[in-house]
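Here is the structure we will look at.
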Amino acid sequence: MSTPTLGSHIAARLVEIGVTEYFCVPGDFNMTLLDQLSASKELKMVNCCNELEAGYAADGYARAKGVGCLAVTFTVGGLSAINAVAAAYAEDLPVICITGVPNSNDFGDPTKTLHHTTAEESFNQEYRCFQEVTKCQTVIRALDGAYEKIDHAIAQALYAHKPVLIQVACNMASLTHPMFEKQPVPFSLTGKTTNEVSMREAVKSAADFLNAAAKVVLVVGSQVRLCKAHKQAVQLADACQYPVAVMPRSKGMFPETHPRFMGVYWANISSEGVCEAVESADAYIFVGPTFNDYSTCAFSQLLSESKMVRVGPRRVTVAGKRTFGCVNMAEFLPLLAGKLTPNDTTFQAFKRTYVGVGRMPSNGRDAPLKGKLLYSHLQEYLTDDVTILVDTGDALFNTMKLNLPEKTGFEVQLQYGSIGWSVGATLGFALGRPSTRMLSLIGDGSFQVTAQGVSTMIRVGISPLIILVNNSGYVIEEEIHAGPYNKISDWNYTAVVEGMAGSRKNLYTAKVRTEAELIRTLKKVQSEEHNHKVCFVEVFLHPEDCSADLLEWGCRLAEYNARPPNPK
């Protein structure tokens, strides 16, 4: 048995918390650490084309498994990855970013100027940058105390659902220490405690408020994920019999097969009838909501805090007046469910007026493909073992209208909204949840930012279906603010991806311009011949073939962005 080292200890801790793959880009300051991590039989290295890809892959992995990890080199690697780390911070994802840093003897030596630095005496530029986008930062320049520092950083990531930074000096990773000789104490976290008095009063206040209202709705937000409260939200819906909507960032976090599910609440671009049902209610309970300009259609929602019960991860607010802290969401929801009087008044009204979305009629199998026809056929492709991952583009607005089977997942980066996220996130999610097949809808502009990630997918052997929506540029940006900067070079996308495969045979590509070609291609990607491959399908749409919801959303966001300065 090899002697445990700092690096092997980090590997063991990662495995303990559920990480079985980590994403990396080598550099001379982290190679010794990578040697130690790769020596673990339970931890698989996934080396990426660049640090941004590795960061987005760790993001996708954290969505699938609850925590992700990337390992890069000092400053040039860390600052290349920092955009992805910031995204994980915004999206409430625990990502452990490990950077290899210079030899411990070089810190504090003003006579040394090292590469991968800004040529200043201090080496802390990376550290200071990460302070803004991580919950915890720690530097391992000595073995004494390293054990505690590592455990503290990991605990902070898991507690806060935020990224952390661990810097490891390049001469430390292979060293042994008495603390590593022994079997380490198993890593464990004590759950956040609930104040019983606060809980009791919160349940009573919320129940009294909701039971007194004639028309009530339940809206599920994205914070149910970080609280692991999916089942509790369903339990609440079953008990209260209110109609249920989800916010756009939380699509897929509540079963759309539930008998009282209405659709997506997204202000005035909501699913049919949902906006009217929510905003006309006498009261509404929002579970884990996040209200930003994207998710509210530029704050156009007509909601009142005086009508709302807002359930956060650790806090409940009733009617905008009474707030109860130290209340865990996952414990609160079942207790509230037991106190609510069933009330389906709003749901019955919704059913009376709901017509439903008709099937898009074909415009001729050989005519140029229309966007609505694309998503109509993708609706038929969906099964329980599919996870949709969609970029912040026109595909987002179209996929909001899809009806998800009970176990179909849905992932979007709607808080941070960084183009290019979807390629790396597809890689990470697919590795983190191999039982699912990814259906990733990626715009041509976004793809050009992180296209190299497909080569990693081919190399590691995952099997996503990537729909590359080629509409000749940044259509979402064009609808917010038209300009020549929204136009991009038109790549031969399938040829680019085929070049990435080299001699490997686990790639299928196709170009789709008509409905007939789409139907044939979807059959092929599900066939035994191709369903185990990376399937890359380039779909051509007219640049002006975008959803009406994007037009509305873009117009409102443009108007919001253009507000004049407040008078001083």
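Identifiers in this document derive from the order of the structure tokens: chains are assigned A, B, ..., residues are numbered from 1 separately in each chain, and ligands are numbered from 1 in order of occurrence.
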
* To do: For range 482-487 of chain A, work out the shell of residues within 7 Å, counting only C-alpha atoms and skipping chain neighbours fewer than 3 positions away, then give it as a PyMOL selection string.
  => chain A and resi 472-474+477-479

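Per DSSP on the backbone, helix (DSSP H, G or I) in range 251-329 of chain A comprises Val274, Cys275, Glu276, Ala277, Val278, Glu279, Glu305, Ser306, Lys307 and Met329 of chain A.
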
* Tell me, as a PyMOL selection string, which residues lie within 10 Å of Glu517 in chain A, counting only C-alpha atoms; anything in the same chain fewer than 5 positions away does not count. => chain A and resi 365-366+369+510-512+522+539

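Using only C-alpha atoms, the shortest contact distance between Asp106 in chain A and any of A:Glu42, A:Ile488, A:Gly66, A:Asn171 is found at A:Asn171.
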
* For Leu302 in chain A, which residue out of A:Ala146, A:Ala64, A:Val278, A:Leu236 is the nearest one, using only C-alpha atoms? -> A:Val278

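Nearest-residue note for Thr521 in chain A: choosing from A:Leu374, A:Val244, A:Ala548, A:Cys136, the minimum distance belongs to A:Leu374, counting only C-alpha atoms.
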
* Asked: Which residues, written as a ChimeraX atom specification, have at least one atom at most 12 Å from Thr75 in chain A, with only C-alpha atoms counted and residues fewer than 3 positions away on the same chain left out?
  -> /A:27-30,51,72,78-82,98-102,114-119,123-130,167

Let's have the selection written as a compact mmCIF listing (two decimals), in the first residue's frame, with C-alpha atoms.
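Just written: out-v2.txt:
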```txt
# COMPACT_ATOMS: atom_id res chain seq x y z
CA GLY A 27 0.18 23.13 -16.02
CA ASP A 28 3.57 22.87 -14.37
CA PHE A 29 2.24 24.07 -11.00
CA ASN A 30 -0.47 21.38 -10.77
CA GLU A 51 -10.09 25.72 -18.31
CA VAL A 72 -6.10 23.80 -13.05
CA GLY A 78 -7.51 29.86 -12.53
CA LEU A 79 -8.44 33.11 -14.24
CA SER A 80 -9.39 31.22 -17.40
CA ALA A 81 -11.79 29.15 -15.30
CA ILE A 82 -13.11 31.98 -13.14
CA ILE A 98 -8.23 23.34 -6.99
CA THR A 99 -5.33 25.31 -8.42
CA GLY A 100 -1.68 24.36 -8.28
CA VAL A 101 0.41 27.35 -7.14
CA PRO A 102 4.16 28.11 -6.96
CA LEU A 114 7.77 33.82 -11.64
CA HIS A 115 5.87 32.85 -14.77
CA HIS A 116 2.09 32.53 -14.65
CA THR A 117 2.02 35.65 -12.48
CA THR A 118 1.46 39.34 -13.18
CA ALA A 119 5.19 39.95 -12.49
CA PHE A 123 1.30 36.11 -5.83
CA ASN A 124 -2.21 36.67 -4.51
CA GLN A 125 -3.97 38.10 -7.56
CA GLU A 126 -5.76 34.81 -8.29
CA TYR A 127 -6.73 34.45 -4.64
CA ARG A 128 -8.15 37.98 -4.49
CA CYS A 129 -10.13 37.52 -7.71
CA PHE A 130 -11.67 34.30 -6.41
CA GLN A 167 -4.68 26.45 -3.71
```

* Residue neighbourhood range 306-318 of chain A, 9 Å, only C-alpha atoms, exclusion window fewer than 2 positions, as a ChimeraX atom specification -> /A:192,194,199,202-203,205-206,209-210,223-224,226-227,281-289,303-304,320-330,332-333

Selected residues, N, CA, C and O atoms, written as a short mmCIF file (atom, residue, chain, number, x, y, z; two decimals), in the first residue's frame, please.
```cif
data_model
loop_
_atom_site.label_atom_id
_atom_site.label_comp_id
_atom_site.auth_asym_id
_atom_site.auth_seq_id
_atom_site.Cartn_x
_atom_site.Cartn_y
_atom_site.Cartn_z
N LYS A 192 -28.22 21.68 8.94
CA LYS A 192 -28.61 22.96 9.53
C LYS A 192 -29.86 22.76 10.38
O LYS A 192 -30.85 22.19 9.93
N THR A 194 -33.21 23.53 12.65
CA THR A 194 -34.39 24.39 12.60
C THR A 194 -34.74 24.82 14.01
O THR A 194 -34.67 24.04 14.97
N MET A 199 -40.33 27.51 13.58
CA MET A 199 -41.02 26.61 12.67
C MET A 199 -42.51 26.55 12.98
O MET A 199 -43.36 26.67 12.08
N ALA A 202 -44.16 29.76 11.98
CA ALA A 202 -44.18 29.92 10.53
C ALA A 202 -45.28 29.08 9.91
O ALA A 202 -46.02 29.55 9.01
N VAL A 203 -45.42 27.85 10.35
CA VAL A 203 -46.46 26.96 9.83
C VAL A 203 -47.84 27.53 10.13
O VAL A 203 -48.72 27.59 9.24
N SER A 205 -48.73 30.68 10.83
CA SER A 205 -48.98 31.94 10.13
C SER A 205 -49.27 31.70 8.66
O SER A 205 -50.21 32.27 8.09
N ALA A 206 -48.47 30.84 8.01
CA ALA A 206 -48.67 30.56 6.58
C ALA A 206 -49.99 29.85 6.35
O ALA A 206 -50.73 30.16 5.40
N PHE A 209 -52.98 32.18 6.77
CA PHE A 209 -53.05 33.12 5.64
C PHE A 209 -53.60 32.44 4.39
O PHE A 209 -54.50 32.97 3.72
N LEU A 210 -53.09 31.26 4.06
CA LEU A 210 -53.52 30.56 2.85
C LEU A 210 -54.94 30.01 2.98
O LEU A 210 -55.72 30.03 2.01
N GLN A 223 -34.84 27.01 -5.92
CA GLN A 223 -34.14 26.70 -4.68
C GLN A 223 -34.59 25.38 -4.06
O GLN A 223 -33.98 24.91 -3.09
N VAL A 224 -35.61 24.74 -4.65
CA VAL A 224 -35.97 23.40 -4.16
C VAL A 224 -34.83 22.43 -4.40
O VAL A 224 -34.67 21.45 -3.68
N LEU A 226 -31.42 23.06 -4.23
CA LEU A 226 -30.36 23.13 -3.23
C LEU A 226 -30.86 22.68 -1.86
O LEU A 226 -30.07 22.28 -1.00
N CYS A 227 -32.17 22.71 -1.65
CA CYS A 227 -32.73 22.22 -0.39
C CYS A 227 -33.14 20.75 -0.46
O CYS A 227 -33.63 20.19 0.53
N ALA A 281 -54.82 35.47 -8.42
CA ALA A 281 -55.12 34.73 -7.19
C ALA A 281 -55.20 35.67 -5.98
O ALA A 281 -54.59 36.74 -5.96
N ASP A 282 -55.95 35.25 -4.99
CA ASP A 282 -56.01 36.01 -3.74
C ASP A 282 -54.74 35.83 -2.91
O ASP A 282 -54.39 36.69 -2.11
N ALA A 283 -54.10 34.68 -3.10
CA ALA A 283 -52.86 34.39 -2.38
C ALA A 283 -52.05 33.40 -3.21
O ALA A 283 -52.61 32.64 -4.02
N TYR A 284 -50.74 33.42 -3.02
CA TYR A 284 -49.87 32.47 -3.69
C TYR A 284 -48.72 32.11 -2.77
O TYR A 284 -48.24 32.93 -1.98
N ILE A 285 -48.29 30.86 -2.88
CA ILE A 285 -47.13 30.41 -2.13
C ILE A 285 -46.02 30.10 -3.13
O ILE A 285 -46.19 29.26 -4.01
N PHE A 286 -44.93 30.82 -3.01
CA PHE A 286 -43.76 30.61 -3.86
C PHE A 286 -42.71 29.85 -3.04
O PHE A 286 -42.26 30.33 -2.00
N VAL A 287 -42.36 28.68 -3.51
CA VAL A 287 -41.40 27.82 -2.82
C VAL A 287 -40.05 27.92 -3.50
O VAL A 287 -39.87 27.47 -4.63
N GLY A 288 -39.08 28.57 -2.84
CA GLY A 288 -37.73 28.68 -3.38
C GLY A 288 -37.62 29.54 -4.62
O GLY A 288 -36.90 29.17 -5.56
N PRO A 289 -38.28 30.71 -4.67
CA PRO A 289 -38.22 31.50 -5.90
C PRO A 289 -36.93 32.33 -5.99
O PRO A 289 -36.32 32.66 -4.98
N LEU A 303 -47.18 40.84 -9.20
CA LEU A 303 -47.27 40.12 -7.93
C LEU A 303 -47.18 41.11 -6.79
O LEU A 303 -46.54 42.16 -6.91
N SER A 304 -47.78 40.75 -5.69
CA SER A 304 -47.73 41.59 -4.49
C SER A 304 -47.23 40.78 -3.31
O SER A 304 -47.73 39.67 -3.06
N GLY A 320 -45.42 39.55 3.29
CA GLY A 320 -44.44 40.62 3.29
C GLY A 320 -44.22 41.28 4.62
O GLY A 320 -43.50 42.28 4.72
N LYS A 321 -44.80 40.74 5.67
CA LYS A 321 -44.73 41.37 6.99
C LYS A 321 -44.05 40.49 8.03
O LYS A 321 -43.14 40.93 8.73
N ARG A 322 -44.51 39.26 8.14
CA ARG A 322 -43.99 38.39 9.19
C ARG A 322 -42.92 37.46 8.61
O ARG A 322 -43.17 36.75 7.63
N THR A 323 -41.74 37.48 9.19
CA THR A 323 -40.62 36.66 8.72
C THR A 323 -40.15 35.74 9.82
O THR A 323 -40.00 36.15 10.98
N PHE A 324 -39.90 34.48 9.45
CA PHE A 324 -39.48 33.47 10.41
C PHE A 324 -38.17 32.86 9.92
O PHE A 324 -38.12 32.26 8.84
N GLY A 325 -37.11 33.01 10.69
CA GLY A 325 -35.80 32.50 10.32
C GLY A 325 -35.51 31.14 10.91
O GLY A 325 -36.28 30.63 11.75
N CYS A 326 -34.40 30.55 10.48
CA CYS A 326 -33.97 29.23 10.95
C CYS A 326 -35.04 28.17 10.73
O CYS A 326 -35.33 27.34 11.60
N VAL A 327 -35.66 28.23 9.55
CA VAL A 327 -36.70 27.28 9.18
C VAL A 327 -36.24 26.59 7.89
O VAL A 327 -36.14 27.21 6.84
N ASN A 328 -35.96 25.29 7.96
CA ASN A 328 -35.52 24.54 6.80
C ASN A 328 -36.69 24.23 5.87
O ASN A 328 -37.71 23.69 6.31
N MET A 329 -36.52 24.56 4.59
CA MET A 329 -37.59 24.36 3.62
C MET A 329 -38.11 22.93 3.60
O MET A 329 -39.33 22.69 3.62
N ALA A 330 -37.19 21.96 3.55
CA ALA A 330 -37.60 20.56 3.41
C ALA A 330 -38.38 20.07 4.63
O ALA A 330 -39.17 19.12 4.52
N PHE A 332 -40.25 22.32 6.53
CA PHE A 332 -41.42 23.19 6.62
C PHE A 332 -42.56 22.71 5.74
O PHE A 332 -43.73 22.70 6.15
N LEU A 333 -42.25 22.30 4.51
CA LEU A 333 -43.30 21.99 3.54
C LEU A 333 -44.23 20.86 4.00
O LEU A 333 -45.46 21.01 3.90
#
```

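The spacing separating CA of Pro342 in chain A from CA of Val220 in chain A amounts to 18.0 Å.
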
* Leaving out Lys505 in chain A and any residue of its chain fewer than 3 positions from it, which residues lie within 9 Å of it when counting only C-alpha atoms, given as a ChimeraX atom specification? -> /A:458,501-502,508,533

* Suppose you want the space between CA of Gln36 in chain A and CA of Trp421 in chain A; what is it in Å? -> 28.9 Å

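For Leu402 in chain A, the residues within 8 Å (counting only C-alpha atoms, excluding itself and residues fewer than 2 positions away along the chain) are Tyr375, Gln379, Asn398, Thr399, Met400 and Leu404 of chain A.
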
Sorted by chain and rising residue number, which residues of range 375-421 of chain A lie within 12 Å of range 84-92 of chain A, and what are their closest atom pairs and distances in Å to one decimal, counting only C-alpha atoms, as JSON lines?
```
{"residue": "A:Glu411", "atom": "CA", "partner": "A:Glu91", "partner_atom": "CA", "distance": 11.1}
{"residue": "A:Val412", "atom": "CA", "partner": "A:Glu91", "partner_atom": "CA", "distance": 9.7}
{"residue": "A:Gln413", "atom": "CA", "partner": "A:Glu91", "partner_atom": "CA", "distance": 7.1}
{"residue": "A:Leu414", "atom": "CA", "partner": "A:Glu91", "partner_atom": "CA", "distance": 8.1}
{"residue": "A:Gln415", "atom": "CA", "partner": "A:Glu91", "partner_atom": "CA", "distance": 6.3}
{"residue": "A:Tyr416", "atom": "CA", "partner": "A:Ala87", "partner_atom": "CA", "distance": 5.5}
{"residue": "A:Gly417", "atom": "CA", "partner": "A:Ala87", "partner_atom": "CA", "distance": 8.1}
{"residue": "A:Ser418", "atom": "CA", "partner": "A:Ala87", "partner_atom": "CA", "distance": 7.5}
{"residue": "A:Ile419", "atom": "CA", "partner": "A:Ala84", "partner_atom": "CA", "distance": 10.7}
{"residue": "A:Gly420", "atom": "CA", "partner": "A:Ala84", "partner_atom": "CA", "distance": 9.9}
{"residue": "A:Trp421", "atom": "CA", "partner": "A:Ala84", "partner_atom": "CA", "distance": 7.8}
```

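The residues of range 84-194 of chain A that DSSP classifies as strand (DSSP E or B), using the backbone of this structure, are A:Val95, A:Ile96, A:Cys97, A:Ile98, A:Thr99, A:Gly100, A:Val101, A:Cys136, A:Gln137, A:Thr138, A:Val139, A:Ile140, A:Val164, A:Leu165, A:Ile166, A:Gln167, A:Val168, A:Ala169.
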
* What does the distance between CA of Ser271 in chain A and CA of Asp549 in chain A come to in Å, to one decimal place? -> 10.0 Å
